[in-house]
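Raw input28.txt, compact mmCIF, C-alpha atoms:
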```
# COMPACT_ATOMS: atom_id res chain seq x y z
CA MET A 626 157.13 147.79 -27.96
CA ALA A 627 157.53 146.08 -24.57
CA THR A 628 160.52 143.73 -24.27
CA TYR A 629 160.75 141.14 -21.48
CA LEU A 630 164.25 140.82 -20.06
CA LYS A 631 162.88 138.37 -17.46
CA GLN A 632 159.50 136.54 -17.31
CA ARG A 633 157.61 134.59 -14.65
CA ILE A 634 156.97 130.84 -14.74
CA ALA A 635 154.21 129.39 -16.93
CA GLN A 636 150.60 129.96 -15.86
CA SER A 637 149.93 126.22 -16.09
CA VAL A 638 152.16 125.63 -13.05
CA SER A 639 150.11 128.08 -10.98
CA ASP A 640 146.85 126.53 -12.20
CA ALA A 641 147.87 123.08 -10.95
CA ILE A 642 148.61 124.50 -7.50
CA ASP A 643 145.27 126.32 -7.46
CA LEU A 644 143.35 123.10 -8.19
CA LYS A 645 144.91 121.36 -5.19
CA VAL A 646 144.05 124.32 -2.94
CA ARG A 647 140.41 124.36 -4.13
CA ARG A 648 139.85 120.70 -3.33
CA THR A 649 141.43 120.96 0.11
CA VAL A 650 139.31 123.98 1.03
CA GLU A 651 136.08 122.31 -0.15
CA SER A 652 136.76 119.40 2.18
CA ILE A 653 137.48 121.62 5.20
CA LEU A 654 134.37 123.75 4.67
CA ASP A 655 132.22 120.64 4.47
CA GLU A 656 133.68 119.39 7.76
CA VAL A 657 132.81 122.63 9.56
CA ARG A 658 129.31 122.75 8.02
CA GLN A 659 128.56 119.27 9.27
CA ARG A 660 130.31 119.18 12.65
CA GLY A 661 130.80 122.77 13.80
CA ASP A 662 133.03 123.25 16.83
CA ALA A 663 134.25 119.65 16.85
CA ALA A 664 135.60 119.99 13.32
CA VAL A 665 137.13 123.39 14.06
CA ARG A 666 139.00 121.97 17.05
CA GLU A 667 140.26 118.94 15.13
CA LEU A 668 141.42 121.09 12.22
CA SER A 669 143.17 123.56 14.51
CA ALA A 670 145.00 120.72 16.24
CA LYS A 671 145.94 119.20 12.88
CA PHE A 672 147.19 122.33 11.11
CA ASP A 673 148.35 124.56 14.00
CA SER A 674 148.92 122.09 16.88
CA TRP A 675 146.54 124.32 18.81
CA SER A 676 143.61 123.15 20.93
CA PRO A 677 143.08 125.47 23.92
CA ARG A 678 140.22 125.20 26.39
CA SER A 679 138.55 128.07 24.51
CA PHE A 680 139.55 129.70 21.24
CA ARG A 681 137.94 132.93 22.37
CA LEU A 682 140.07 135.09 24.65
CA SER A 683 138.45 136.13 27.94
CA GLU A 684 138.91 139.55 29.50
CA SER A 685 141.51 138.11 31.89
CA ASP A 686 143.31 136.44 28.95
CA ILE A 687 143.42 139.76 27.14
CA GLU A 688 144.72 141.65 30.17
CA ALA A 689 147.52 139.11 30.65
CA ILE A 690 148.51 139.22 26.97
CA MET A 691 148.39 143.03 26.79
CA ALA A 692 150.73 143.17 29.82
CA LYS A 693 153.40 141.47 27.71
CA VAL A 694 153.45 144.26 25.13
CA ALA A 695 156.03 147.01 25.60
CA PRO A 696 154.55 150.50 26.21
CA GLY A 697 156.48 151.84 23.22
CA THR A 698 154.88 149.22 20.98
CA ILE A 699 151.44 150.13 22.29
CA ALA A 700 152.20 153.75 21.39
CA ASP A 701 153.32 152.74 17.89
CA ILE A 702 150.14 150.71 17.36
CA ARG A 703 148.02 153.62 18.57
CA PHE A 704 149.82 155.96 16.16
CA ALA A 705 149.27 153.63 13.18
CA GLN A 706 145.59 153.14 14.05
CA GLU A 707 145.12 156.89 14.44
CA GLN A 708 146.37 157.42 10.88
CA ILE A 709 144.14 154.68 9.46
CA ARG A 710 141.11 155.85 11.45
CA ASN A 711 141.66 159.46 10.41
CA PHE A 712 141.79 158.69 6.68
CA ALA A 713 138.88 156.23 6.96
CA GLN A 714 136.80 158.89 8.72
CA HIS A 715 137.48 161.37 5.91
CA GLN A 716 136.34 158.68 3.46
CA ARG A 717 133.21 158.00 5.53
CA ASP A 718 132.39 161.71 5.67
CA SER A 719 132.52 161.86 1.87
CA ILE A 720 129.73 159.26 1.56
CA LYS A 721 126.38 161.00 1.81
CA ASP A 722 122.79 159.90 2.14
CA ILE A 723 120.61 161.62 -0.45
CA GLU A 724 116.94 162.43 -1.01
CA VAL A 725 115.85 164.28 -4.14
CA GLU A 726 112.59 165.22 -5.86
CA THR A 727 113.06 163.95 -9.40
CA LEU A 728 109.54 164.87 -10.60
CA PRO A 729 106.77 166.79 -8.85
CA GLY A 730 105.73 164.60 -5.94
CA VAL A 731 108.41 161.92 -6.54
CA ARG A 732 110.96 161.65 -3.74
CA LEU A 733 113.83 159.18 -4.21
CA GLY A 734 116.76 158.57 -1.93
CA HIS A 735 119.39 156.25 -0.60
CA ARG A 736 120.80 155.52 2.83
CA ASN A 737 124.25 154.13 3.54
CA ILE A 738 123.67 151.42 6.15
CA PRO A 739 126.59 149.65 7.85
CA VAL A 740 126.79 145.87 7.65
CA ASP A 741 125.65 144.47 10.99
CA SER A 742 128.48 142.02 11.72
CA VAL A 743 131.95 141.50 10.26
CA GLY A 744 134.60 138.82 10.79
CA CYS A 745 138.18 140.07 10.42
CA TYR A 746 140.99 137.62 9.68
CA VAL A 747 144.48 138.67 10.76
CA PRO A 748 147.18 136.34 9.35
CA GLY A 749 149.84 134.90 11.64
CA GLY A 750 151.97 132.17 10.06
CA ARG A 751 155.60 133.07 9.48
CA TYR A 752 154.81 136.77 9.77
CA PRO A 753 152.41 138.00 12.49
CA MET A 754 150.54 140.61 10.43
CA VAL A 755 149.80 143.13 13.17
CA ALA A 756 148.94 145.82 10.63
CA SER A 757 146.11 143.74 9.19
CA ALA A 758 144.22 144.20 12.45
CA HIS A 759 144.31 147.97 11.95
CA MET A 760 143.17 147.77 8.34
CA SER A 761 140.13 145.58 8.93
CA ILE A 762 138.95 146.22 12.50
CA VAL A 763 139.54 149.98 12.61
CA THR A 764 137.97 150.49 9.18
CA ALA A 765 134.89 148.41 10.03
CA ARG A 766 134.46 150.33 13.28
CA THR A 767 134.78 153.67 11.48
CA ALA A 768 132.09 152.55 9.03
CA GLY A 769 129.74 151.90 11.97
CA VAL A 770 129.64 148.08 12.01
CA SER A 771 127.85 146.93 15.18
CA ARG A 772 129.69 143.65 15.83
CA VAL A 773 133.31 143.13 14.84
CA ILE A 774 134.96 139.80 15.61
CA ALA A 775 138.53 138.85 14.81
CA CYS A 776 140.53 135.65 14.36
CA THR A 777 144.29 135.18 14.25
CA PRO A 778 146.29 131.95 14.35
CA PRO A 779 148.66 131.06 17.19
CA ASN A 780 152.25 132.12 16.66
CA GLN A 781 154.98 129.83 17.96
CA GLY A 782 152.48 128.01 20.14
CA GLU A 783 150.69 130.95 21.73
CA ALA A 784 148.69 134.07 21.05
CA HIS A 785 150.88 136.75 19.49
CA PRO A 786 150.78 139.62 22.02
CA GLU A 787 151.23 142.55 19.63
CA THR A 788 148.57 141.24 17.27
CA ILE A 789 146.12 140.80 20.14
CA ALA A 790 146.96 144.32 21.33
CA ALA A 791 146.17 145.70 17.88
CA MET A 792 142.84 143.84 17.85
CA VAL A 793 141.92 145.20 21.28
CA LEU A 794 142.97 148.77 20.52
CA GLY A 795 141.20 148.58 17.15
CA GLY A 796 137.92 147.79 18.89
CA ALA A 797 137.20 144.09 18.26
CA ASP A 798 134.22 142.77 20.25
CA GLU A 799 135.33 139.12 20.22
CA ILE A 800 138.87 137.83 19.72
CA TYR A 801 139.64 134.22 18.80
CA VAL A 802 143.06 132.63 18.58
CA LEU A 803 142.14 130.48 15.61
CA GLY A 804 143.67 130.37 12.16
CA GLY A 805 143.36 129.07 8.63
CA VAL A 806 140.34 127.87 6.71
CA GLN A 807 138.76 126.64 9.94
CA ALA A 808 138.67 130.22 11.26
CA ILE A 809 137.15 131.56 8.05
CA ALA A 810 134.57 128.76 8.04
CA ALA A 811 133.64 129.27 11.70
CA MET A 812 133.04 133.00 11.19
CA ALA A 813 131.11 132.59 7.95
CA LEU A 814 129.07 129.49 8.75
CA GLY A 815 128.78 129.79 12.52
CA THR A 816 129.31 127.04 15.09
CA GLN A 817 127.90 126.21 18.48
CA THR A 818 130.15 128.85 20.08
CA ILE A 819 130.79 131.37 17.29
CA SER A 820 127.83 133.28 15.85
CA ARG A 821 128.09 133.72 12.10
CA VAL A 822 128.90 137.08 10.55
CA ASP A 823 127.48 138.89 7.53
CA MET A 824 130.84 139.73 5.96
CA LEU A 825 134.45 138.52 5.97
CA CYS A 826 137.52 140.66 5.45
CA GLY A 827 141.27 140.48 5.73
CA PRO A 828 144.13 138.85 3.80
CA GLY A 829 145.54 135.36 4.20
CA ASN A 830 147.36 132.56 2.43
CA ALA A 831 146.07 130.78 -0.67
CA TYR A 832 143.81 128.52 1.42
CA VAL A 833 142.23 131.43 3.28
CA ALA A 834 141.69 133.33 0.03
CA GLU A 835 140.07 130.28 -1.57
CA ALA A 836 137.82 129.76 1.46
CA LYS A 837 136.55 133.33 1.12
CA ARG A 838 135.94 132.75 -2.59
CA GLN A 839 133.93 129.58 -1.97
CA LEU A 840 131.90 131.19 0.83
CA TYR A 841 131.10 134.36 -1.10
CA GLY A 842 127.37 134.65 -1.57
CA SER A 843 126.45 133.14 1.77
CA VAL A 844 128.51 135.98 3.25
CA GLY A 845 129.97 139.13 1.80
CA ILE A 846 133.73 139.53 1.41
CA ASP A 847 136.02 142.50 1.03
CA LEU A 848 137.58 141.25 -2.23
CA PHE A 849 139.15 138.20 -3.85
CA ALA A 850 142.81 138.19 -2.88
CA GLY A 851 145.77 136.31 -4.29
CA PRO A 852 149.48 136.63 -3.49
CA THR A 853 150.61 140.20 -2.90
CA GLU A 854 152.03 142.00 -5.94
CA ILE A 855 154.36 144.90 -6.60
CA LEU A 856 155.08 146.81 -9.78
CA VAL A 857 157.84 149.42 -9.86
CA VAL A 858 157.80 151.83 -12.80
CA ALA A 859 161.18 153.52 -13.26
CA ASP A 860 162.86 155.89 -15.66
CA ASP A 861 166.56 156.70 -15.89
CA SER A 862 166.32 158.98 -12.86
CA ALA A 863 165.60 156.01 -10.59
CA ASP A 864 168.06 154.41 -8.20
CA VAL A 865 168.55 150.71 -8.97
CA GLU A 866 169.22 149.97 -5.28
CA MET A 867 165.83 151.45 -4.39
CA VAL A 868 164.08 149.55 -7.19
CA ALA A 869 165.54 146.25 -5.98
CA THR A 870 164.87 147.00 -2.30
CA ASP A 871 161.22 147.80 -2.93
CA LEU A 872 160.70 144.75 -5.16
CA LEU A 873 162.19 142.40 -2.58
CA GLY A 874 160.32 144.12 0.24
CA GLN A 875 157.11 142.71 -1.21
CA ALA A 876 158.53 139.49 -2.65
CA GLU A 877 159.30 138.36 0.92
CA HIS A 878 155.55 137.94 1.53
CA GLY A 879 155.54 134.55 -0.16
CA PRO A 880 157.12 132.39 -2.87
CA THR A 881 154.37 133.19 -5.38
CA SER A 882 154.38 136.99 -4.95
CA PRO A 883 154.92 138.73 -8.31
CA ALA A 884 157.56 141.49 -8.36
CA VAL A 885 157.73 143.40 -11.64
CA CYS A 886 159.78 146.31 -12.93
CA ILE A 887 158.71 148.31 -15.98
CA THR A 888 161.41 150.72 -17.07
CA THR A 889 162.33 153.04 -19.90
CA SER A 890 165.99 152.62 -18.91
CA LYS A 891 168.01 149.74 -20.38
CA ALA A 892 170.74 150.53 -17.85
CA ILE A 893 168.36 149.96 -14.92
CA ALA A 894 166.93 146.80 -16.51
CA GLN A 895 170.38 145.33 -17.08
CA ALA A 896 171.71 146.28 -13.65
CA LEU A 897 168.67 145.03 -11.71
CA PRO A 898 169.36 141.25 -11.66
CA ALA A 899 172.81 141.74 -10.15
CA GLU A 900 171.48 144.21 -7.58
CA ILE A 901 168.70 141.78 -6.63
CA ALA A 902 171.30 139.03 -6.16
CA ARG A 903 173.48 141.35 -4.03
CA GLN A 904 170.60 142.22 -1.73
CA LEU A 905 169.35 138.65 -1.48
CA ALA A 906 172.77 137.64 -0.15
CA ARG A 907 172.11 139.67 3.02
CA LEU A 908 168.31 139.65 3.28
CA PRO A 909 167.07 137.50 6.22
CA THR A 910 163.96 136.52 4.24
CA ALA A 911 165.90 135.58 1.11
CA ASP A 912 164.60 132.01 1.28
CA ILE A 913 161.15 133.36 0.40
CA ALA A 914 161.95 136.52 -1.55
CA GLY A 915 164.53 134.73 -3.69
CA VAL A 916 162.05 132.07 -4.81
CA ALA A 917 159.41 134.71 -5.56
CA TRP A 918 161.86 136.70 -7.67
CA ARG A 919 163.14 133.57 -9.45
CA ASP A 920 159.67 132.29 -10.35
CA TYR A 921 157.48 135.40 -10.49
CA GLY A 922 159.88 138.30 -11.07
CA GLU A 923 159.71 140.20 -14.34
CA ILE A 924 161.71 142.99 -16.00
CA ILE A 925 159.99 144.81 -18.86
CA ILE A 926 161.69 147.45 -21.01
CA VAL A 927 159.46 150.02 -22.73
CA ASP A 928 160.22 152.89 -25.09
CA SER A 929 158.25 155.67 -23.38
CA LEU A 930 156.23 156.67 -20.35
CA GLU A 931 153.09 156.35 -22.47
CA GLU A 932 153.96 152.72 -23.16
CA ALA A 933 154.75 152.22 -19.48
CA VAL A 934 151.19 153.32 -18.65
CA VAL A 935 149.76 150.86 -21.18
CA GLU A 936 151.79 147.93 -19.82
CA ALA A 937 151.10 148.87 -16.20
CA ASP A 938 147.35 149.04 -16.84
CA LYS A 939 147.50 145.59 -18.45
CA LEU A 940 149.06 144.17 -15.29
CA ALA A 941 146.61 145.99 -12.96
CA SER A 942 148.95 145.36 -10.04
CA GLU A 943 148.07 145.60 -6.38
CA HIS A 944 150.87 148.02 -5.45
CA VAL A 945 152.43 150.36 -8.02
CA GLU A 946 155.46 152.44 -7.14
CA ILE A 947 156.36 155.28 -9.49
CA LEU A 948 160.07 156.14 -9.49
CA THR A 949 160.19 158.70 -12.29
CA ARG A 950 160.88 162.42 -12.69
CA ASN A 951 157.17 163.26 -12.81
CA PRO A 952 155.30 160.65 -10.74
CA ARG A 953 151.95 162.42 -10.98
CA TYR A 954 151.91 161.75 -14.73
CA PHE A 955 150.91 158.20 -13.77
CA LEU A 956 148.28 159.44 -11.32
CA ASP A 957 146.76 161.39 -14.20
CA HIS A 958 146.96 158.58 -16.78
CA MET A 959 146.85 155.16 -15.08
CA LYS A 960 143.47 153.50 -14.47
CA ASN A 961 144.19 150.01 -13.12
CA TYR A 962 145.97 149.72 -9.78
CA GLY A 963 145.25 148.88 -6.15
CA ALA A 964 147.29 151.74 -4.70
CA LEU A 965 149.80 154.19 -6.18
CA PHE A 966 152.98 155.25 -4.40
CA LEU A 967 154.22 158.42 -6.05
CA GLY A 968 157.91 159.23 -5.92
CA PRO A 969 160.94 157.81 -4.11
CA GLU A 970 160.01 159.36 -0.76
CA THR A 971 157.13 156.93 -0.21
CA ASN A 972 156.96 153.16 -0.60
CA VAL A 973 154.66 150.16 -0.24
CA SER A 974 155.81 149.46 3.31
CA TYR A 975 154.43 152.83 4.45
CA GLY A 976 151.06 151.89 3.00
CA ASP A 977 151.22 148.39 4.43
CA LYS A 978 151.93 149.48 7.98
CA VAL A 979 151.19 153.01 9.02
CA ILE A 980 150.56 155.91 6.64
CA GLY A 981 146.76 155.67 6.70
CA THR A 982 145.57 154.20 3.40
CA ASN A 983 144.29 150.62 3.57
CA HIS A 984 146.62 147.78 2.66
CA THR A 985 143.94 145.24 1.71
CA LEU A 986 144.01 145.69 -2.06
CA PRO A 987 142.96 143.90 -5.28
CA THR A 988 145.29 141.31 -6.80
CA LEU A 989 145.26 138.98 -9.83
CA GLY A 990 144.08 141.75 -12.14
CA ALA A 991 141.04 142.63 -10.03
CA ALA A 992 142.17 146.27 -10.03
CA ARG A 993 140.55 146.42 -13.48
CA TYR A 994 137.14 146.51 -11.77
CA THR A 995 137.54 147.23 -8.05
CA GLY A 996 139.53 149.21 -5.56
CA GLY A 997 140.69 148.00 -2.17
CA LEU A 998 139.15 147.78 1.28
CA TRP A 999 137.73 151.03 2.63
CA VAL A 1000 134.80 152.15 4.76
CA GLY A 1001 132.50 151.98 1.74
CA LYS A 1002 132.96 148.19 1.58
CA PHE A 1003 131.20 147.91 4.94
CA LEU A 1004 128.22 150.02 3.83
CA LYS A 1005 125.11 148.94 1.96
CA THR A 1006 123.72 151.74 -0.21
CA CYS A 1007 119.98 151.06 -0.05
CA THR A 1008 117.41 153.01 -2.04
CA TYR A 1009 113.86 154.06 -1.17
CA GLN A 1010 110.97 155.90 -2.83
CA GLU A 1011 107.95 157.87 -1.67
CA ILE A 1012 105.45 159.66 -3.91
CA THR A 1013 102.16 161.57 -3.79
CA ARG A 1014 98.83 160.35 -5.19
CA GLU A 1015 99.14 162.69 -8.14
CA ALA A 1016 102.66 161.45 -8.90
CA SER A 1017 101.47 157.85 -8.60
CA VAL A 1018 99.03 158.47 -11.42
CA THR A 1019 101.69 160.05 -13.63
CA ILE A 1020 104.20 157.26 -13.02
CA GLY A 1021 101.50 154.58 -13.12
CA GLU A 1022 100.41 155.42 -16.67
CA TYR A 1023 103.95 154.93 -17.96
CA CYS A 1024 104.46 151.81 -15.85
CA SER A 1025 101.20 150.20 -17.05
CA ARG A 1026 102.14 150.59 -20.71
CA LEU A 1027 105.70 149.39 -20.17
CA CYS A 1028 104.53 146.28 -18.27
CA GLU A 1029 102.12 145.45 -21.10
CA ILE A 1030 105.01 145.44 -23.58
CA GLU A 1031 106.77 142.84 -21.41
CA ARG A 1032 103.55 140.86 -20.81
CA PHE A 1033 104.02 141.17 -17.04
CA TRP A 1034 100.31 141.29 -16.24
CA GLY A 1035 100.75 141.10 -12.46
CA HIS A 1036 103.19 144.00 -12.62
CA LYS A 1037 100.76 145.93 -14.81
CA GLU A 1038 97.96 145.39 -12.30
CA GLN A 1039 100.04 146.99 -9.55
CA ALA A 1040 100.14 150.16 -11.62
CA ASP A 1041 96.51 149.88 -12.75
CA LEU A 1042 95.26 149.50 -9.17
CA ARG A 1043 96.80 152.90 -8.36
CA LEU A 1044 95.35 154.40 -11.51
CA ARG A 1045 91.89 153.26 -10.43
CA ARG A 1046 92.32 154.36 -6.78
CA TYR A 1047 94.06 157.69 -7.26
CA GLY A 1048 93.19 158.67 -10.83
CA GLY A 1049 89.67 157.38 -11.25
CA GLN A 1050 90.66 155.45 -14.38
CA ASN A 1051 88.72 152.33 -15.41
CA VAL A 1052 91.75 150.13 -16.30
CA GLY A 1053 93.27 146.75 -15.56
CA LEU A 1054 92.07 143.42 -14.22
CA GLY A 1055 89.90 145.08 -11.58
CA ALA A 1056 88.21 147.47 -14.00
CA LYS A 1057 84.43 147.60 -13.79
CA PRO A 1058 82.70 146.31 -16.93
```
When written as structure tokens, how does the structure in this file appear?
Amino acid sequence: MATYLKQRIAQSVSDAIDLKVRRTVESILDEVRQRGDAAVRELSAKFDSWSPRSFRLSESDIEAIMAKVAPGTIADIRFAQEQIRNFAQHQRDSIKDIEVETLPGVRLGHRNIPVDSVGCYVPGGRYPMVASAHMSIVTARTAGVSRVIACTPPNQGEAHPETIAAMVLGGADEIYVLGGVQAIAAMALGTQTISRVDMLCGPGNAYVAEAKRQLYGSVGIDLFAGPTEILVVADDSADVEMVATDLLGQAEHGPTSPAVCITTSKAIAQALPAEIARQLARLPTADIAGVAWRDYGEIIIVDSLEEAVVEADKLASEHVEILTRNPRYFLDHMKNYGALFLGPETNVSYGDKVIGTNHTLPTLGAARYTGGLWVGKFLKTCTYQEITREASVTIGEYCSRLCEIERFWGHKEQADLRLRRYGGQNVGLGAKP
């Protein structure tokens, strides 16, 4: 039976915060719907103290910004994007168009068609999320999206050079230095200067995530995203320093980021709080990570690996690190996770930044029904059918009878028309008396 040595704050506290976010986002979206560019500019000035002549970077702007980036950093960005592009291309190659003959004369198929235009949001805020440019822009390009635009907020009063470099190298067609809900709204709804997109992708703060949720339907989105999450599953072979390091490495994302340890080892569970405190004393981002651990950290003791799987699947966490003797046991038995990191040699940071898998992953239990961002998210699998006259008669006879059961007389007549034309049958509304 699972025992909680430490639990997160009550859900009611989170719910109250969420309500405030929802109302704020509704108001901002309405402003952009009604006033377009004027509202975007006012909101950018209000929230980011940013109101440049143009939010879109020109070619000369881009050249000047790229010149600020060290050649070694450019090389590092290229390396990371090469890994992400390579894995995404393998994923794309695994997705096949099909056409099959299911009955004599009946040909059915599907085509995987890229979304035409995508808006990628790359967070800036406290942390300029350079890697998010790779994950969204590179993946969309690999899927074959025709138009990829990207928005990122200003950082310390200007465009963040390394983020812009990642956007350029990733292949963005249009780059805007514009952040927050106003950026999401401009891409999704369109303004006088920004043409709307068909799909939004990329992580962001609670307001950005809520904006995507409210806009879903009028545009597609990659997935609903909440605060980033980490679950570490450990047995008695694990190193408590590593467990704490990897928990805090994700907790620093934000004060509401859950960091959970499930362990079969009472020794690890009991030693973990002190090790967390020791590391927080020297961690530069302790002001954020410490609050996240205090309010959303959990330590769960279980009796067996089988029970660890059960509890981990209940959580359905975004990132799951397996620090056990046989990590692949969890690959074979777990069902609900955004991404698995098997063994002490790997970690969430590798996945977040460079190794090649995508870091935009399901949170808030969404791993129960979806995976993360990948090339398939940018593809529409669209079916088609084509049949012979003889097959139309065969299918039409079944269809006519089935439509009659449902009393869909217009549907039935579609079938009956073919039966009259191709089968010589005297049936339906157009039958001769």
Cut-off 8 Å: closest stretch 728-842 of chain A/stretch 668-692 of chain A atom pairs per residue, using only C-alpha atoms, as a tab-separated table:
```
residue	atom	partner	partner_atom	distance
A:Pro778	CA	A:Asp673	CA	7.7
A:Pro779	CA	A:Asp673	CA	7.2
A:Gly782	CA	A:Trp675	CA	7.1
A:Ala784	CA	A:Ile690	CA	7.8
A:Pro786	CA	A:Ile690	CA	5.5
A:Glu787	CA	A:Met691	CA	7.7
A:Ile789	CA	A:Met691	CA	7.4
A:Ala790	CA	A:Met691	CA	5.8
A:Glu799	CA	A:Arg681	CA	7.1
A:Ile800	CA	A:Arg681	CA	5.6
A:Tyr801	CA	A:Arg681	CA	4.2
A:Val802	CA	A:Phe680	CA	5.3
A:Leu803	CA	A:Phe680	CA	6.2
A:Gly804	CA	A:Ser669	CA	7.2
A:Gln807	CA	A:Leu668	CA	6.6
```
Since we have the selection now, will you write its residues out, keeping C-alpha atoms, as a PDB file, in the frame of the given file?
```pdb
ATOM      1  CA  PRO A 778     146.290 131.950  14.350  1.00  0.00           C
ATOM      2  CA  PRO A 779     148.660 131.060  17.190  1.00  0.00           C
ATOM      3  CA  GLY A 782     152.480 128.010  20.140  1.00  0.00           C
ATOM      4  CA  ALA A 784     148.690 134.070  21.050  1.00  0.00           C
ATOM      5  CA  PRO A 786     150.780 139.620  22.020  1.00  0.00           C
ATOM      6  CA  GLU A 787     151.230 142.550  19.630  1.00  0.00           C
ATOM      7  CA  ILE A 789     146.120 140.800  20.140  1.00  0.00           C
ATOM      8  CA  ALA A 790     146.960 144.320  21.330  1.00  0.00           C
ATOM      9  CA  GLU A 799     135.330 139.120  20.220  1.00  0.00           C
ATOM     10  CA  ILE A 800     138.870 137.830  19.720  1.00  0.00           C
ATOM     11  CA  TYR A 801     139.640 134.220  18.800  1.00  0.00           C
ATOM     12  CA  VAL A 802     143.060 132.630  18.580  1.00  0.00           C
ATOM     13  CA  LEU A 803     142.140 130.480  15.610  1.00  0.00           C
ATOM     14  CA  GLY A 804     143.670 130.370  12.160  1.00  0.00           C
ATOM     15  CA  GLN A 807     138.760 126.640   9.940  1.00  0.00           C
TER      16      GLN A 807
END
```
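The environment of A:Ala911 within 10 Å, counting all atoms listed in the file and disregarding residues fewer than 5 places along the same chain, consists of Leu873, Ala876, Glu877, Ala902, Gln904, Leu905, Ala906, Val916, Ala917 and Trp918 of chain A.
Summary of the local environment: counting all atoms listed in the file, residues at most 8 Å from stretch 1007-1014 of chain A, other than itself and those fewer than 5 positions away along its chain, are Gly730, Val731, Arg732, Leu733, Gly734, His735, Arg736, Asn737, Ile738 and Tyr1047 of chain A.
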Residue with smallest distance to A:Leu825 - pool A:Gln1050, A:Ser742, A:Thr985, A:Thr764, counting all atoms listed in the file:
A:Ser742
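Distance check against A:Val1052 using all atoms listed in the file: of A:Ala1040, A:Val858, A:Ile925, A:Ala635, the minimum falls on A:Ala1040.
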Can you find the residues with an atom no farther than 12 Å from (135.8, 128.2, 9.6), counting only C-alpha atoms, and report them as a CSV table (one decimal) with C-alpha atoms, in the coordinates of the input?
```csv
chain,number,residue,atom,x,y,z
A,650,VAL,CA,139.3,124.0,1.0
A,651,GLU,CA,136.1,122.3,-0.2
A,652,SER,CA,136.8,119.4,2.2
A,653,ILE,CA,137.5,121.6,5.2
A,654,LEU,CA,134.4,123.8,4.7
A,655,ASP,CA,132.2,120.6,4.5
A,656,GLU,CA,133.7,119.4,7.8
A,657,VAL,CA,132.8,122.6,9.6
A,658,ARG,CA,129.3,122.8,8.0
A,659,GLN,CA,128.6,119.3,9.3
A,660,ARG,CA,130.3,119.2,12.6
A,661,GLY,CA,130.8,122.8,13.8
A,662,ASP,CA,133.0,123.2,16.8
A,663,ALA,CA,134.2,119.6,16.8
A,664,ALA,CA,135.6,120.0,13.3
A,665,VAL,CA,137.1,123.4,14.1
A,666,ARG,CA,139.0,122.0,17.0
A,667,GLU,CA,140.3,118.9,15.1
A,668,LEU,CA,141.4,121.1,12.2
A,669,SER,CA,143.2,123.6,14.5
A,744,GLY,CA,134.6,138.8,10.8
A,746,TYR,CA,141.0,137.6,9.7
A,776,CYS,CA,140.5,135.6,14.4
A,777,THR,CA,144.3,135.2,14.2
A,801,TYR,CA,139.6,134.2,18.8
A,803,LEU,CA,142.1,130.5,15.6
A,804,GLY,CA,143.7,130.4,12.2
A,805,GLY,CA,143.4,129.1,8.6
A,806,VAL,CA,140.3,127.9,6.7
A,807,GLN,CA,138.8,126.6,9.9
A,808,ALA,CA,138.7,130.2,11.3
A,809,ILE,CA,137.2,131.6,8.0
A,810,ALA,CA,134.6,128.8,8.0
A,811,ALA,CA,133.6,129.3,11.7
A,812,MET,CA,133.0,133.0,11.2
A,813,ALA,CA,131.1,132.6,8.0
A,814,LEU,CA,129.1,129.5,8.8
A,815,GLY,CA,128.8,129.8,12.5
A,816,THR,CA,129.3,127.0,15.1
A,818,THR,CA,130.2,128.8,20.1
A,819,ILE,CA,130.8,131.4,17.3
A,820,SER,CA,127.8,133.3,15.8
A,821,ARG,CA,128.1,133.7,12.1
A,822,VAL,CA,128.9,137.1,10.6
A,825,LEU,CA,134.4,138.5,6.0
A,832,TYR,CA,143.8,128.5,1.4
A,833,VAL,CA,142.2,131.4,3.3
A,836,ALA,CA,137.8,129.8,1.5
A,837,LYS,CA,136.6,133.3,1.1
A,839,GLN,CA,133.9,129.6,-2.0
A,840,LEU,CA,131.9,131.2,0.8
```
Distance query stretch 702-715 of chain A at most 6 Å, all atoms listed in the file, self and fewer than 2 positions along chain excluded, as a count of residues only
7
With distances taken over all atoms listed in the file, which residue among A:Pro952, A:Pro739, A:Gly1001, A:Gly750 lies nearest A:Ser862?
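Once distances to A:Ser862 are computed over all atoms listed in the file, the minimum belongs to A:Pro952.
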Could you pull out every residue with an atom within 7 Å of (146.7, 148.1, 8.6), file coordinates, counting all atoms listed in the file, and send them as a PyMOL selection string?
chain A and resi 756-760+977-979+983-984
In Å, rounded to a single decimal, give me how far atom CA of A:Leu872 is from atom CA of A:Gln636.
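These two atoms are separated by 20.9 Å.
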State, in Å with one decimal place, the distance from atom CA of A:Pro987 to atom CA of A:Asp861.
28.9 Å
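Across the model, the gap from atom CA of A:Ile887 to atom CA of A:Ile924 is 6.1 Å.
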Taking only C-alpha atoms into account, which of A:Leu1042, A:Trp999, A:Leu930, A:Leu1004 comes nearest A:Ser771?
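Result for the nearest residue to A:Ser771: A:Leu1004.
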Nearest to A:Ala768: which of A:Lys1037, A:Lys693, A:Arg751, A:Lys1005 is it, counting all atoms listed in the file?
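Selected residue with least distance to A:Ala768: A:Lys1005.
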